[in-house]
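**Student:** Sharing a structure below in structure tokens format, with a few things to ask.
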Amino acid sequence: MWEKKPFLFLILATAAILVGTAITMILPFAWVNTEADRIASVKPYTPLEQEGRDVYVREGCNNCHTQTVRPLVAEVLRYGDYSKSGEFVYDRPFLWGSRRTGPDLARIGGKYPDAWHYKHMADPQSMVPKSNMPDYDFLSGARLDPDYSRRKMEVLGFPYTEDQIRALEGKTEMDAMVAYLQKLGSDIPWRQSAKTEVLGELVNPSPGASQAVAAGKTLYENNCSQCHGEDLQGDIGPALAGLGMSDSDLFRLLHDGIEDAGMPAFAALGSEKLWQLVNFLNYRKSP
Amino acid sequence: MENPTYDTAVVRSFVNWSILWGLVAILVGVLISFQMVNPDLNFAPYLTYGRLRPLHTNAGIYGWGIGSFMALYLYMVQRLCRASLWSPALAKVQLYLFNATIIAAAVTLLLGFQTSKEYHELEWPVDLMVAVLWVIFSVNIIMTIVKRREEQMYISLWFMLASLVGVAILFLVNAAAVPVSLFKSYSAYAGTNDANVQWWFGHNAVAMVLTAPPLAVFYYFLPKSTGVPIYSHRLSIVAFWSLIFMYLWTGAHHLLWTPVPDWVQTLAMAFSIMLIAPSWGSVFNGYLSMGGQWHQMKENYLVKFLILGITFYGLQTLQGPLQAVRSFSAFIHYTDWVPGHVHMGTLGWVSLVLFAAIYYLYPRLCDTEIHSIPLANLHFWLVLIGQLIYSVSMWIAGVLQASMWHAINPDGSLSFTFMDTVVRLYPYWWVRAFSGVLYLAGVLIFIYNLYMTARKGRASGAPAAQNA
């Protein structure tokens with residue numbers, strides 16, 4: 001009967017489509033982003049950060065970078081604490097992505113100093129030699145428009161001050177991008193709670209062993225030279241020749257990083273590799 | 001009953017334009033596959049990967065996919081209803097608006113006006129064009145069906161009608177946004193809600209654009225090509241209703257292990273597994289329709305395209321549900337496995353069926369025979385091998401990268417840095433780029449074959465066929 005009546009058929013087909021839609025798409029609104037979901041320390045974006053976010057959307061960064069850490073062992077080790085719904089309540093649109101051609105960025109904020117990001121955005125290969133990321137040098141030539149930014153904040157309903165708007169004068173899209181990246185994932189104090197303690201006495205397993213020094217050299221080139229220079233002469237970070245630190249102190253520093261100075265923690269490398277780095281830094285033959 | 005006058009000119013124009021946009025999609029696809037191995041091929045700001053990838057997907061899904069489906073819907077609806085189009089003038093408006101929309105989409109995407117939502121990147125003014133276009137298209141198809149002179153509604157018409165309402169609902173809900181200027185808007189939803197709405201849209205765009213329409217085409221052109229009817233009308237009815245009912249529950253399988261509520265993820269996983277049944281209902285219906293006709297795989301190049309197409313549909317709808325299982329998703333999600341999966345669906349299933357349908361109708365629209373069957377066979381083998389190399393290389397790359405991401409040393413540290421895993425993928429990305437070139441070569445042969453067919457039609461002096 002209905003197979004001969006197109007309008008009746010359309011109504012039935014629409015009803016079939018709407019059942020699953022109502023349950024899995026509409027119903028979750030009753031739970032998600034409600035008070036139970038909120039995290040008090042998560043704040044809306046500032047005008048500068050929001051501008052950076054808009055550049056991120058415009059350039060389609062989400063085509064290569066995700067912004068959700070899944071609660072899986074290796075993933076939490078690699079990126080940091082897994083993502084919570086309450087961290088995204090100000091994200092319009094969400095930017096979780098679907099493919100990690102580059103690494104996840106949900107916890108990138110605070111991992112590197114600003115200077116690292118400026119250099120990396122302008123010329124990714126200078127910081128990560130075999131990276132296939134395009135360079136975004138042109139962002140530093142594009143000025144922000146404070147009036148447009150004010151309008152955006154009003155549409156989004158985010159709090160802002162006139163001082164924040166005035167401060168955009170003279171700032172570039174690159175400044176905005178770096179500010180946005182530094183905000184990502186840093187609204188909850190996950191770095192403190194994720195910190196691992198080094199327990200027991202620290203003893204260099206093979207002080208000065210040539211194999212350890214050589215392995216440490218490779219590790220240095222892959223992880224450290226971009227900030228401390230190929231010959232340890234210093235660049236974004238300080239020069240490292242003649243450090244004069246004990247093996248155990250140096251191990252601790254590499255393991256924990258120095259948050260205020262922008263030195264990342266390298267605990268994820270594991271103790272074997274950290275000792276190799278210590279051996280390279282403290283026992284290499286000076287040229 | 002004498003046949004009415006069918007409008008074929010607009011069908012032919014739609015075919016021509018959809019092929020042009022398909023060519024654009026493949027050319028951009030090949031370019032971005034080379035950008036993956038050589039970042040110097042990014043030409044900022046307009047031709048970077050981040051802006052070109054949305055252009056690639058939009059040109060492919062909407063330019064080539066929707067463009068061809070518009071052509072084939074307009075063709076099929078007239079014949080299945082034994083009626084001429086309700087409004088040929090409206091169809092002509094639709095053709096112009098379709099091309100204007102695709103051009104507007106391409107230009108705005110390259111300028112960076114995009115929403116970031118996958119397969120829904122277009123900003124609100126272009127969204128409005130899409131909405132008008134869809135209404136014009138739907139009204140013409142629905143009214144032609146209402147005014148039909150054939151009492152029964154064949155299964156293809158069902159899939160067509162369902163896709164018309166399905167796309168409308170999905171598109172409108174996901175498009176909701178607050179404009180801040182002419183080319184910038186903010187999504188009406190935030191965070192986890194936005195993600196859930198987007199992937200309800202994203203996955204069901206696969207249902208309503210890349211499943212229902214090619215099934216409508218398959219159910220029409222397989223019997224037309226083989227000369228024998230479909231195996232079971234009843235099976236196609238059962239498969240139809242269960243397919244359109246179950247699909248809408250599964251969007252969150254794109255969001256497993258994310259902050260989306262667990263029960264939404266679990267429902268999505270369960271319904272994804274259940275979807276194997278209706279999908280394979282259509283696959284078996286196709287295979288069983290070949291009973292006693294398998295020799296046609298050798299003799300009839302159209303059948304070859306169609307049967308390989310439905311085979312890839314079967315593989316796709318088996319692999320997809322596996323990926324929707326939490327444990328497997330934890331492993332392969334975010335890797336190259338997924339592009340490998342997607343391209344089996346688009347290059348294998350959808351495009352092979354479209355090639356067959358176009359090979360069937362194009363000579364009839366030109367009132368002649370196909371220019372060269374050997375060239376059509378060459379086209380078949382090039383796109384088949386190109387697609388297989390693409391998918392297989394990406395599956396291997398995906399498993400490789402996933403196992404490196406998850407590898408942990410005895411002391412509890414990660415075995416590989418992120419860059420270690422990227423460097424290992426470069427050889428596979430070279431293979432993928434090469435496979436794209438093969439596919440492109442196949443499509444160029446397809447275009448040449450159609451061009452020569454059209455020339456032959458003109459040379460014989462016949463006007464476009466009225467009763468093809």
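Ligands are numbered from 1 in the order shown, chains are lettered A, B, ... in the order of the structure tokens, and residues start at 1 in each chain.
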If we count only C-alpha atoms, which residues of chain A reach to within 6 Å of chain B? Please list them as a PyMOL selection string.

**Tutor:** chain A and resi 4+16-17+20-21+24+57-61+63+70+74+84-85+88-89+91-94+98-100+132+134+268-270

**Student:** Could you dump the residues just selected with C-alpha atoms as a short mmCIF file (atom, residue, chain, number, x, y, z; two decimals), in the first residue's frame?

**Tutor:**
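Result written to out.cif:
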```cif
data_model
loop_
_atom_site.label_atom_id
_atom_site.label_comp_id
_atom_site.auth_asym_id
_atom_site.auth_seq_id
_atom_site.Cartn_x
_atom_site.Cartn_y
_atom_site.Cartn_z
CA LYS A 4 2.66 3.20 -3.97
CA ALA A 16 12.90 5.67 10.69
CA ILE A 17 15.73 8.19 10.40
CA GLY A 20 18.29 6.85 16.15
CA THR A 21 18.82 10.58 15.71
CA THR A 24 22.01 9.22 20.08
CA VAL A 57 40.47 26.66 11.91
CA ARG A 58 41.18 28.76 8.81
CA GLU A 59 44.42 26.92 8.06
CA GLY A 60 42.76 23.53 8.61
CA CYS A 61 45.30 22.43 11.25
CA ASN A 63 43.32 17.95 9.17
CA ARG A 70 42.28 8.96 24.91
CA ALA A 74 50.66 4.78 25.67
CA LYS A 84 37.68 15.55 29.96
CA SER A 85 34.39 16.81 28.50
CA PHE A 88 35.86 21.74 25.76
CA VAL A 89 32.81 23.73 26.86
CA ASP A 91 35.12 25.21 21.93
CA ARG A 92 32.96 26.36 19.02
CA PRO A 93 33.59 24.40 16.89
CA PHE A 94 35.23 21.40 18.60
CA SER A 98 40.31 12.43 13.01
CA ARG A 99 43.88 11.79 11.88
CA ARG A 100 47.25 12.24 13.56
CA ASN A 132 56.44 17.13 6.83
CA PRO A 134 54.23 23.13 5.94
CA ALA A 268 58.96 9.79 29.03
CA LEU A 269 62.33 8.89 27.45
CA GLY A 270 62.89 6.33 30.22
#
```

**Student:** Using DSSP on the backbone, list every residue of range 64-289 of chain B that comes out as helix (DSSP H, G or I), and give them as a VMD selection string.

**Tutor:** chain B and resid 64 to 81 88 to 110 124 to 146 155 to 175 191 to 210 212 to 226 233 to 249 251 to 255 262 to 274 276 to 288

**Student:** Name all residues at most 7 Å from Leu48 in chain A (count only C-alpha atoms; drop same-chain ones fewer than 3 positions away) and give them as a PyMOL selection string.

**Tutor:** chain A and resi 51-52+168+176+179

**Student:** Would you mind exporting C-alpha atoms of the selected residues as a PDB file, in the first residue's frame?

**Tutor:**
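And here is the file that came out, again.pdb:
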```
ATOM      1  CA  GLU A  51      42.117  34.845  17.247  1.00  0.00           C
ATOM      2  CA  GLY A  52      44.725  32.106  17.300  1.00  0.00           C
ATOM      3  CA  LEU A 168      45.775  43.335  20.035  1.00  0.00           C
ATOM      4  CA  ALA A 176      47.731  34.764  18.346  1.00  0.00           C
ATOM      5  CA  ALA A 179      49.058  32.189  22.545  1.00  0.00           C
TER       6      ALA A 179
END
```

**Student:** As an mmCIF file with C-alpha atoms, in the first residue's frame, please: the residues near Ala25 in chain B (cut-off 9 Å, only C-alpha atoms, same-chain neighbours under 4 positions excluded).

**Tutor:**
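The result, stored in part_19.cif:
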```cif
data_model
loop_
_atom_site.group_PDB
_atom_site.id
_atom_site.type_symbol
_atom_site.label_atom_id
_atom_site.label_comp_id
_atom_site.auth_asym_id
_atom_site.auth_seq_id
_atom_site.Cartn_x
_atom_site.Cartn_y
_atom_site.Cartn_z
ATOM 1 C CA LEU B 20 35.129 17.609 -14.418
ATOM 2 C CA TRP B 21 34.784 18.029 -10.633
ATOM 3 C CA GLY B 29 44.281 14.342 -4.128
ATOM 4 C CA VAL B 30 47.459 13.505 -6.021
ATOM 5 C CA LEU B 55 38.822 20.931 -1.351
ATOM 6 C CA HIS B 56 39.773 17.341 -2.247
ATOM 7 C CA THR B 57 36.991 15.811 -0.141
ATOM 8 C CA ASN B 58 34.333 18.355 -1.157
ATOM 9 C CA ALA B 59 35.127 18.094 -4.869
ATOM 10 C CA GLY B 60 35.056 14.303 -4.597
ATOM 11 C CA ILE B 61 31.951 13.794 -2.479
ATOM 12 C CA GLY B 63 31.259 17.587 -7.105
ATOM 13 C CA TRP B 64 31.763 14.071 -8.437
#
```

**Student:** For a test of reading the model, state the distance in Å between CA of Phe171 in chain B and CA of Ile102 in chain B, rounded to one decimal.

**Tutor:**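 According to the coordinates, CA of Phe171 in chain B and CA of Ile102 in chain B are separated by 16.1 Å.
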
**Student:** Excluding same-chain residues fewer than 3 positions from range 102-112 of chain A, what lies within 9 Å of it counting only C-alpha atoms, as a ChimeraX atom specification?

**Tutor:** /A:64-69,79-83,96,99,115-117,131-133,179-186,259,262-265 /B:418-419,422

**Student:** Now that the selection is made, can you save its residues with N, CA and C atoms as an mmCIF file, in the first residue's frame?

**Tutor:**
```cif
data_model
loop_
_atom_site.group_PDB
_atom_site.id
_atom_site.type_symbol
_atom_site.label_atom_id
_atom_site.label_comp_id
_atom_site.auth_asym_id
_atom_site.auth_seq_id
_atom_site.Cartn_x
_atom_site.Cartn_y
_atom_site.Cartn_z
ATOM 1 N N CYS A 64 45.440 17.532 10.296
ATOM 2 C CA CYS A 64 46.619 16.721 10.646
ATOM 3 C C CYS A 64 46.809 16.553 12.150
ATOM 4 N N HIS A 65 46.160 17.390 12.958
ATOM 5 C CA HIS A 65 46.380 17.322 14.404
ATOM 6 C C HIS A 65 45.070 17.085 15.141
ATOM 7 N N THR A 66 45.075 16.129 16.063
ATOM 8 C CA THR A 66 43.896 15.904 16.889
ATOM 9 C C THR A 66 44.019 16.727 18.172
ATOM 10 N N GLN A 67 42.924 16.825 18.901
ATOM 11 C CA GLN A 67 42.924 17.498 20.207
ATOM 12 C C GLN A 67 42.085 16.713 21.218
ATOM 13 N N THR A 68 42.319 15.413 21.307
ATOM 14 C CA THR A 68 41.732 14.633 22.408
ATOM 15 C C THR A 68 42.718 13.549 22.765
ATOM 16 N N VAL A 69 43.056 13.461 24.029
ATOM 17 C CA VAL A 69 43.911 12.372 24.493
ATOM 18 C C VAL A 69 42.983 11.275 25.016
ATOM 19 N N TYR A 79 51.234 12.036 25.591
ATOM 20 C CA TYR A 79 50.699 13.396 25.507
ATOM 21 C C TYR A 79 50.370 14.018 26.854
ATOM 22 N N GLY A 80 49.982 13.201 27.824
ATOM 23 C CA GLY A 80 49.560 13.735 29.115
ATOM 24 C C GLY A 80 48.183 13.226 29.481
ATOM 25 N N ASP A 81 47.619 13.785 30.546
ATOM 26 C CA ASP A 81 46.344 13.332 31.094
ATOM 27 C C ASP A 81 45.265 13.249 29.998
ATOM 28 N N TYR A 82 44.398 12.237 30.098
ATOM 29 C CA TYR A 82 43.346 12.087 29.084
ATOM 30 C C TYR A 82 42.341 13.235 29.148
ATOM 31 N N SER A 83 41.655 13.512 28.039
ATOM 32 C CA SER A 83 40.787 14.685 27.923
ATOM 33 C C SER A 83 39.465 14.484 28.651
ATOM 34 N N TRP A 96 38.565 18.196 17.592
ATOM 35 C CA TRP A 96 39.188 16.927 17.979
ATOM 36 C C TRP A 96 39.920 16.241 16.840
ATOM 37 N N ARG A 99 42.652 12.442 12.362
ATOM 38 C CA ARG A 99 43.878 11.794 11.876
ATOM 39 C C ARG A 99 45.075 12.487 12.506
ATOM 40 N N ALA A 115 59.275 30.794 22.390
ATOM 41 C CA ALA A 115 60.288 30.939 21.333
ATOM 42 C C ALA A 115 60.361 29.679 20.464
ATOM 43 N N TRP A 116 60.171 28.524 21.089
ATOM 44 C CA TRP A 116 60.182 27.270 20.322
ATOM 45 C C TRP A 116 59.069 27.300 19.278
ATOM 46 N N HIS A 117 57.866 27.716 19.691
ATOM 47 C CA HIS A 117 56.729 27.729 18.766
ATOM 48 C C HIS A 117 56.934 28.731 17.628
ATOM 49 N N SER A 131 60.282 16.509 9.755
ATOM 50 C CA SER A 131 58.848 16.799 9.782
ATOM 51 C C SER A 131 58.323 17.091 8.376
ATOM 52 N N ASN A 132 57.037 16.777 8.121
ATOM 53 C CA ASN A 132 56.436 17.130 6.829
ATOM 54 C C ASN A 132 55.418 18.260 6.983
ATOM 55 N N MET A 133 55.544 19.013 8.069
ATOM 56 C CA MET A 133 54.608 20.125 8.281
ATOM 57 C C MET A 133 54.975 21.307 7.380
ATOM 58 N N ALA A 179 49.838 32.045 21.309
ATOM 59 C CA ALA A 179 49.058 32.189 22.545
ATOM 60 C C ALA A 179 48.020 31.070 22.654
ATOM 61 N N TYR A 180 47.390 30.750 21.524
ATOM 62 C CA TYR A 180 46.386 29.680 21.530
ATOM 63 C C TYR A 180 47.022 28.333 21.864
ATOM 64 N N LEU A 181 48.147 28.034 21.221
ATOM 65 C CA LEU A 181 48.811 26.746 21.476
ATOM 66 C C LEU A 181 49.210 26.624 22.947
ATOM 67 N N GLN A 182 49.650 27.744 23.545
ATOM 68 C CA GLN A 182 50.080 27.690 24.946
ATOM 69 C C GLN A 182 48.900 27.530 25.906
ATOM 70 N N LYS A 183 47.700 27.888 25.428
ATOM 71 C CA LYS A 183 46.516 27.728 26.285
ATOM 72 C C LYS A 183 46.010 26.272 26.265
ATOM 73 N N LEU A 184 46.283 25.572 25.161
ATOM 74 C CA LEU A 184 45.676 24.254 24.958
ATOM 75 C C LEU A 184 46.003 23.269 26.075
ATOM 76 N N GLY A 185 44.961 22.797 26.748
ATOM 77 C CA GLY A 185 45.123 21.737 27.741
ATOM 78 C C GLY A 185 45.735 22.172 29.048
ATOM 79 N N SER A 186 45.957 23.494 29.213
ATOM 80 C CA SER A 186 46.670 23.931 30.418
ATOM 81 C C SER A 186 45.723 24.501 31.475
ATOM 82 N N GLU A 259 59.927 23.955 34.684
ATOM 83 C CA GLU A 259 58.710 24.483 34.084
ATOM 84 C C GLU A 259 58.778 25.987 33.828
ATOM 85 N N GLY A 262 60.794 26.995 30.814
ATOM 86 C CA GLY A 262 60.419 26.469 29.506
ATOM 87 C C GLY A 262 61.144 25.194 29.125
ATOM 88 N N MET A 263 61.906 24.620 30.071
ATOM 89 C CA MET A 263 62.596 23.360 29.788
ATOM 90 C C MET A 263 61.611 22.201 29.996
ATOM 91 N N PRO A 264 61.275 21.449 28.900
ATOM 92 C CA PRO A 264 60.313 20.351 29.062
ATOM 93 C C PRO A 264 60.887 19.220 29.912
ATOM 94 N N ALA A 265 60.005 18.440 30.528
ATOM 95 C CA ALA A 265 60.420 17.234 31.249
ATOM 96 C C ALA A 265 60.585 16.107 30.239
ATOM 97 N N PHE B 418 57.234 10.427 18.466
ATOM 98 C CA PHE B 418 56.264 10.597 17.383
ATOM 99 C C PHE B 418 56.975 10.658 16.033
ATOM 100 N N MET B 419 58.111 11.381 15.982
ATOM 101 C CA MET B 419 58.820 11.513 14.703
ATOM 102 C C MET B 419 59.364 10.172 14.209
ATOM 103 N N VAL B 422 56.680 8.810 12.163
ATOM 104 C CA VAL B 422 56.435 9.529 10.907
ATOM 105 C C VAL B 422 57.462 9.113 9.857
#
```

**Student:** Here is a test: counting only C-alpha atoms, which residue of A:Pro124, A:Ala209, A:Leu95, A:Gln50 is nearest to Tyr160 in chain A?

**Tutor:**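 Of all the options, A:Gln50 lies closest to Tyr160 in chain A.
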
**Student:** Just the residues within 10 Å of range 289-294 of chain B, please, counting only C-alpha atoms, with nothing from its chain fewer than 6 positions along; format it as a short mmCIF file (atom, residue, chain, number, x, y, z; two decimals) with N, CA and C atoms, in the first residue's frame.

**Tutor:**
```cif
data_model
loop_
_atom_site.label_atom_id
_atom_site.label_comp_id
_atom_site.auth_asym_id
_atom_site.auth_seq_id
_atom_site.Cartn_x
_atom_site.Cartn_y
_atom_site.Cartn_z
N LEU B 222 22.26 -2.66 -12.58
CA LEU B 222 22.67 -4.07 -12.69
C LEU B 222 21.68 -4.84 -13.57
N PRO B 223 20.37 -4.79 -13.27
CA PRO B 223 19.43 -5.50 -14.16
C PRO B 223 19.46 -4.97 -15.59
N THR B 226 22.67 -6.54 -17.17
CA THR B 226 22.68 -7.99 -17.38
C THR B 226 21.48 -8.46 -18.19
N GLY B 227 20.40 -7.69 -18.14
CA GLY B 227 19.19 -8.09 -18.86
C GLY B 227 18.31 -9.03 -18.05
N VAL B 228 18.69 -9.32 -16.79
CA VAL B 228 17.82 -10.14 -15.94
C VAL B 228 17.45 -9.35 -14.69
N PRO B 229 16.26 -9.60 -14.13
CA PRO B 229 15.80 -8.78 -13.00
C PRO B 229 16.58 -9.08 -11.72
N ILE B 230 16.37 -8.20 -10.73
CA ILE B 230 17.03 -8.35 -9.44
C ILE B 230 16.51 -9.62 -8.77
N TYR B 231 17.36 -10.29 -7.98
CA TYR B 231 17.02 -11.60 -7.41
C TYR B 231 15.78 -11.54 -6.54
N SER B 232 15.75 -10.62 -5.56
CA SER B 232 14.61 -10.60 -4.64
C SER B 232 14.20 -9.18 -4.28
N VAL B 283 24.33 -6.79 -0.82
CA VAL B 283 25.44 -7.46 -1.50
C VAL B 283 24.97 -8.81 -2.05
N ASN B 300 30.84 -8.74 -20.48
CA ASN B 300 30.17 -7.45 -20.36
C ASN B 300 30.93 -6.57 -19.37
N VAL B 303 29.13 -5.11 -16.27
CA VAL B 303 28.89 -6.03 -15.16
C VAL B 303 30.13 -6.12 -14.27
N LYS B 304 31.30 -6.09 -14.92
CA LYS B 304 32.56 -6.16 -14.19
C LYS B 304 32.67 -4.99 -13.20
N ILE B 307 29.85 -5.48 -10.36
CA ILE B 307 30.06 -6.57 -9.39
C ILE B 307 31.29 -6.30 -8.52
#
```

**Student:** Quick check, in Å to one decimal: how far apart do CA of Ser351 in chain B and CA of Gln387 in chain B lie?

**Tutor:**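 So the two atoms, CA of Ser351 in chain B and CA of Gln387 in chain B, lie 10.5 Å apart.
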
**Student:** Residues of range 52-284 of chain B in strand (DSSP E) according to DSSP, as an MDAnalysis selection string?

**Tutor:** chainID B and resid 177:181 184:187

**Student:** What would the file look like if the residues just selected were written as a PDB file, in the first residue's frame with C-alpha atoms?

**Tutor:**
```
ATOM      1  CA  ALA B 177      25.892  28.409  13.352  1.00  0.00           C
ATOM      2  CA  VAL B 178      26.013  32.062  14.397  1.00  0.00           C
ATOM      3  CA  PRO B 179      27.586  34.304  11.731  1.00  0.00           C
ATOM      4  CA  VAL B 180      30.099  36.915  12.838  1.00  0.00           C
ATOM      5  CA  SER B 181      30.839  38.201   9.339  1.00  0.00           C
ATOM      6  CA  LYS B 184      32.999  33.466   9.433  1.00  0.00           C
ATOM      7  CA  SER B 185      30.588  31.781  11.813  1.00  0.00           C
ATOM      8  CA  TYR B 186      30.730  29.916  15.105  1.00  0.00           C
ATOM      9  CA  SER B 187      29.029  26.549  15.541  1.00  0.00           C
TER      10      SER B 187
END
```

**Student:** Could you work out how far CA of Leu306 in chain B lies from CA of Leu288 in chain B, giving the answer in Å with one decimal?

**Tutor:**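 Calculated distance between CA of Leu288 in chain B and CA of Leu306 in chain B is 13.4 Å.
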
**Student:** Got a sec: who's within 12 Å of Leu199 in chain A, counting only C-alpha atoms, leaving out chain neighbours fewer than 4 positions off, as a count of residues only?

**Tutor:** 5

**Student:** Determine the nearest neighbour of Phe328 in chain B from the options B:Met70, B:Leu95, B:Val399, B:Leu275, counting only C-alpha atoms.

**Tutor:**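 Smallest distance to Phe328 in chain B is found for B:Val399.
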